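Engineer: You'll find query-v3.pdb just under this line, and it carries PDB, C-alpha atoms, pLDDT in the B column.
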```
ATOM      1  CA  MET A 679      22.658  79.154  14.896  1.00 72.00           C
ATOM      2  CA  LYS A 680      19.657  79.188  12.565  1.00 72.00           C
ATOM      3  CA  PRO A 681      16.398  77.758  13.914  1.00 73.00           C
ATOM      4  CA  ASN A 682      15.019  74.532  12.499  1.00 77.00           C
ATOM      5  CA  ILE A 683      11.801  74.869  10.543  1.00 79.00           C
ATOM      6  CA  VAL A 684       9.782  71.711  10.000  1.00 79.00           C
ATOM      7  CA  PHE A 685       6.415  71.624   8.272  1.00 79.00           C
ATOM      8  CA  LEU A 686       4.521  68.448   9.043  1.00 77.00           C
ATOM      9  CA  LEU A 687       1.556  68.589   6.686  1.00 76.00           C
ATOM     10  CA  LEU A 688      -0.690  65.553   6.640  1.00 72.00           C
ATOM     11  CA  ASP A 689      -3.603  64.941   4.307  1.00 70.00           C
ATOM     12  CA  SER A 690      -6.807  63.341   5.642  1.00 69.00           C
ATOM     13  CA  PHE A 691      -5.556  63.512   9.214  1.00 70.00           C
ATOM     14  CA  ARG A 692      -7.661  64.038  12.336  1.00 71.00           C
ATOM     15  CA  SER A 693      -5.350  65.894  14.713  1.00 70.00           C
ATOM     16  CA  ASP A 694      -7.874  65.546  17.549  1.00 71.00           C
ATOM     17  CA  LYS A 695      -7.313  61.768  17.468  1.00 71.00           C
ATOM     18  CA  CYS A 696      -3.512  62.074  17.761  1.00 71.00           C
ATOM     19  CA  TYR A 697      -3.183  64.966  20.219  1.00 73.00           C
ATOM     20  CA  GLY A 698      -5.297  66.546  22.922  1.00 73.00           C
ATOM     21  CA  GLU A 699      -8.049  65.368  25.260  1.00 75.00           C
ATOM     22  CA  SER A 700      -9.862  63.087  22.777  1.00 77.00           C
ATOM     23  CA  LYS A 701      -6.631  61.398  21.637  1.00 79.00           C
ATOM     24  CA  THR A 702      -7.044  57.714  20.734  1.00 81.00           C
ATOM     25  CA  SER A 703      -3.628  57.032  19.146  1.00 80.00           C
ATOM     26  CA  LYS A 704      -0.270  56.380  20.797  1.00 83.00           C
ATOM     27  CA  THR A 705       2.153  58.900  19.288  1.00 82.00           C
ATOM     28  CA  PRO A 706       5.059  59.465  21.722  1.00 88.00           C
ATOM     29  CA  ASN A 707       7.362  61.028  19.109  1.00 88.00           C
ATOM     30  CA  LEU A 708       4.661  63.402  17.870  1.00 83.00           C
ATOM     31  CA  ASP A 709       3.827  64.306  21.499  1.00 86.00           C
ATOM     32  CA  THR A 710       7.478  65.181  22.178  1.00 91.00           C
ATOM     33  CA  LEU A 711       7.756  67.218  18.987  1.00 86.00           C
ATOM     34  CA  ILE A 712       4.619  69.208  19.840  1.00 84.00           C
ATOM     35  CA  LYS A 713       5.723  69.842  23.446  1.00 88.00           C
ATOM     36  CA  ASN A 714       9.065  71.266  22.257  1.00 89.00           C
ATOM     37  CA  SER A 715       7.804  73.201  19.240  1.00 87.00           C
ATOM     38  CA  THR A 716       5.257  75.716  18.076  1.00 84.00           C
ATOM     39  CA  TYR A 717       1.998  73.874  17.582  1.00 81.00           C
ATOM     40  CA  LEU A 718      -0.879  75.511  15.714  1.00 80.00           C
ATOM     41  CA  PRO A 719      -4.036  73.632  16.771  1.00 76.00           C
ATOM     42  CA  ASN A 720      -6.585  75.856  15.015  1.00 78.00           C
ATOM     43  CA  THR A 721      -5.547  75.610  11.380  1.00 78.00           C
ATOM     44  CA  PHE A 722      -7.868  74.840   8.494  1.00 79.00           C
ATOM     45  CA  ALA A 723      -7.463  73.911   4.838  1.00 80.00           C
ATOM     46  CA  SER A 724      -8.024  76.809   2.461  1.00 83.00           C
ATOM     47  CA  ALA A 725      -9.480  74.511  -0.213  1.00 84.00           C
ATOM     48  CA  ASP A 726     -11.003  71.068  -0.542  1.00 82.00           C
ATOM     49  CA  GLY A 727      -7.976  69.673  -2.380  1.00 82.00           C
ATOM     50  CA  THR A 728      -4.523  69.038  -0.920  1.00 81.00           C
ATOM     51  CA  ILE A 729      -2.562  70.618  -3.767  1.00 83.00           C
ATOM     52  CA  LEU A 730      -4.800  73.697  -3.860  1.00 86.00           C
ATOM     53  CA  SER A 731      -4.331  74.139  -0.112  1.00 85.00           C
ATOM     54  CA  LEU A 732      -0.549  73.677  -0.250  1.00 85.00           C
ATOM     55  CA  ASN A 733      -0.135  76.126  -3.128  1.00 86.00           C
ATOM     56  CA  SER A 734      -2.223  78.624  -1.188  1.00 88.00           C
ATOM     57  CA  LEU A 735      -0.254  78.051   2.031  1.00 86.00           C
ATOM     58  CA  PHE A 736       3.156  78.552   0.428  1.00 86.00           C
ATOM     59  CA  THR A 737       2.259  81.481  -1.846  1.00 88.00           C
ATOM     60  CA  GLY A 738      -0.041  83.394   0.480  1.00 89.00           C
ATOM     61  CA  LEU A 739      -2.639  83.583  -2.292  1.00 89.00           C
ATOM     62  CA  PHE A 740      -6.245  82.464  -2.291  1.00 90.00           C
ATOM     63  CA  PRO A 741      -6.523  78.986  -3.882  1.00 87.00           C
ATOM     64  CA  PHE A 742      -8.268  80.340  -6.991  1.00 86.00           C
ATOM     65  CA  LYS A 743      -5.423  82.864  -7.491  1.00 87.00           C
ATOM     66  CA  THR A 744      -2.521  80.361  -7.477  1.00 85.00           C
ATOM     67  CA  GLY A 745      -2.956  79.247 -11.091  1.00 82.00           C
ATOM     68  CA  THR A 746      -3.001  75.584 -10.067  1.00 81.00           C
ATOM     69  CA  ARG A 747      -4.474  73.417 -12.804  1.00 76.00           C
ATOM     70  CA  ALA A 748      -2.770  70.056 -12.205  1.00 72.00           C
ATOM     71  CA  LYS A 749      -2.283  67.684  -9.302  1.00 76.00           C
ATOM     72  CA  LYS A 750       1.182  68.970  -8.407  1.00 75.00           C
ATOM     73  CA  LEU A 751       2.703  71.925  -6.621  1.00 75.00           C
ATOM     74  CA  GLN A 752       3.103  74.850  -9.001  1.00 76.00           C
ATOM     75  CA  LEU A 753       4.608  77.719  -7.064  1.00 79.00           C
ATOM     76  CA  HIS A 754       4.741  80.803  -9.287  1.00 76.00           C
ATOM     77  CA  GLY A 755       6.325  84.114  -8.336  1.00 80.00           C
ATOM     78  CA  THR A 756       7.643  84.773  -4.851  1.00 82.00           C
ATOM     79  CA  ASN A 757       6.768  81.958  -2.486  1.00 84.00           C
ATOM     80  CA  PHE A 758       7.744  80.735   0.959  1.00 84.00           C
ATOM     81  CA  ILE A 759       9.526  77.601  -0.323  1.00 81.00           C
ATOM     82  CA  ASP A 760      11.905  79.585  -2.568  1.00 83.00           C
ATOM     83  CA  ILE A 761      12.638  82.009   0.273  1.00 84.00           C
ATOM     84  CA  LEU A 762      13.486  79.104   2.586  1.00 82.00           C
ATOM     85  CA  LYS A 763      15.678  77.455  -0.058  1.00 81.00           C
ATOM     86  CA  LYS A 764      17.754  80.649  -0.341  1.00 82.00           C
ATOM     87  CA  THR A 765      18.357  80.864   3.413  1.00 79.00           C
ATOM     88  CA  ALA A 766      18.399  77.222   4.527  1.00 68.00           C
ATOM     89  CA  ILE A 767      21.510  75.125   4.985  1.00 64.00           C
ATOM     90  CA  ILE A 768      19.595  71.968   4.020  1.00 67.00           C
ATOM     91  CA  PHE A 769      16.188  71.853   2.374  1.00 64.00           C
ATOM     92  CA  MET A 770      14.308  68.601   1.923  1.00 67.00           C
ATOM     93  CA  GLU A 771      10.828  67.963   0.686  1.00 66.00           C
ATOM     94  CA  LYS A 772       8.752  64.864   0.155  1.00 66.00           C
ATOM     95  CA  HIS A 773       5.300  64.831  -1.370  1.00 60.00           C
ATOM     96  CA  HIS A 774       2.676  62.089  -1.085  1.00 58.00           C
ATOM     97  CA  ILE A 775       4.750  59.320   0.448  1.00 49.00           C
TER      98      ILE A 775
END
```
Show the structure stored in the file as structure tokens.

Structural biologist:
Amino acid sequence: MKPNIVFLLLDSFRSDKCYGESKTSKTPNLDTLIKNSTYLPNTFASADGTILSLNSLFTGLFPFKTGTRAKKLQLHGTNFIDILKKTAIIFMEKHHI
């Protein structure tokens, strides 16, 4: 059985207010997900813009090397999303809900 891979990427989100000792929000479903998953608490945006950061995250390139010029994902060349699409049974994505 293939493992499930879920990226929960939130823009303008203070993780310290939803998880950890200084938590001020009630998030039982998020708490359960974190307890049963791999949680990376020390991550940082690679750029000041969401799209620049996402393109950098999924290509492995520095933000200024991704070629991003518009406010949308533009994944050129080999990237993590295309690799996942080739191996995944189901692939879903939703941007800026």

Engineer: Could you check how far atom CA of A:Thr756 sits from atom CA of A:Phe736, in Å to one decimal?

Structural biologist: 9.3 Å

Engineer: Could you write out as an mmCIF file with C-alpha atoms, keeping the file's coordinate frame the residues that the PyMOL selection byres ((chain A and resi 712-719) around 12) matches in the shown file?

Structural biologist:
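Result written to part_9.cif:
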```
data_model
loop_
_atom_site.group_PDB
_atom_site.id
_atom_site.type_symbol
_atom_site.label_atom_id
_atom_site.label_comp_id
_atom_site.auth_asym_id
_atom_site.auth_seq_id
_atom_site.Cartn_x
_atom_site.Cartn_y
_atom_site.Cartn_z
ATOM 1 C CA PRO A 681 16.398 77.758 13.914
ATOM 2 C CA ASN A 682 15.019 74.532 12.499
ATOM 3 C CA ILE A 683 11.801 74.869 10.543
ATOM 4 C CA VAL A 684 9.782 71.711 10.000
ATOM 5 C CA PHE A 685 6.415 71.624 8.272
ATOM 6 C CA LEU A 686 4.521 68.448 9.043
ATOM 7 C CA LEU A 687 1.556 68.589 6.686
ATOM 8 C CA ARG A 692 -7.661 64.038 12.336
ATOM 9 C CA SER A 693 -5.350 65.894 14.713
ATOM 10 C CA ASP A 694 -7.874 65.546 17.549
ATOM 11 C CA CYS A 696 -3.512 62.074 17.761
ATOM 12 C CA TYR A 697 -3.183 64.966 20.219
ATOM 13 C CA GLY A 698 -5.297 66.546 22.922
ATOM 14 C CA THR A 705 2.153 58.900 19.288
ATOM 15 C CA PRO A 706 5.059 59.465 21.722
ATOM 16 C CA ASN A 707 7.362 61.028 19.109
ATOM 17 C CA LEU A 708 4.661 63.402 17.870
ATOM 18 C CA ASP A 709 3.827 64.306 21.499
ATOM 19 C CA THR A 710 7.478 65.181 22.178
ATOM 20 C CA LEU A 711 7.756 67.218 18.987
ATOM 21 C CA ASN A 720 -6.585 75.856 15.015
ATOM 22 C CA THR A 721 -5.547 75.610 11.380
ATOM 23 C CA PHE A 722 -7.868 74.840 8.494
#
```

Engineer: Please identify all polymer residues lying at most 12 Å from the point (19.0, 83.4, 9.1) (file coordinates), using all atoms listed in the file, and present the result as an MDAnalysis selection string.

Structural biologist: chainID A and resid 679:683 761:767

Engineer: Run the PyMOL selection byres ((chain A and resi 733) around 7) mentally over the shown coordinates, then write out the matched residues as a list in words, using the chain letters and numbers from the document.

Structural biologist: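 Listing what the PyMOL selection byres ((chain A and resi 733) around 7) selects in the shown file: Ile729, Leu730, Ser731, Leu732, Ser734, Leu735, Phe736, Thr737, Thr744, Leu751, Gln752 and Leu753 of chain A.
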
Engineer: For atom CA of A:Thr728 and atom CA of A:Asp689, quote the distance in Å rounded to one decimal.

Structural biologist: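 If I compute the distance from atom CA of A:Thr728 to atom CA of A:Asp689, I get 6.7 Å.
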
Engineer: Can you work out the spacing between atom CA of A:Ser724 and atom CA of A:Asp760 in Å, to one decimal?

Structural biologist: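 Atom CA of A:Asp760 lies 20.7 Å from atom CA of A:Ser724.
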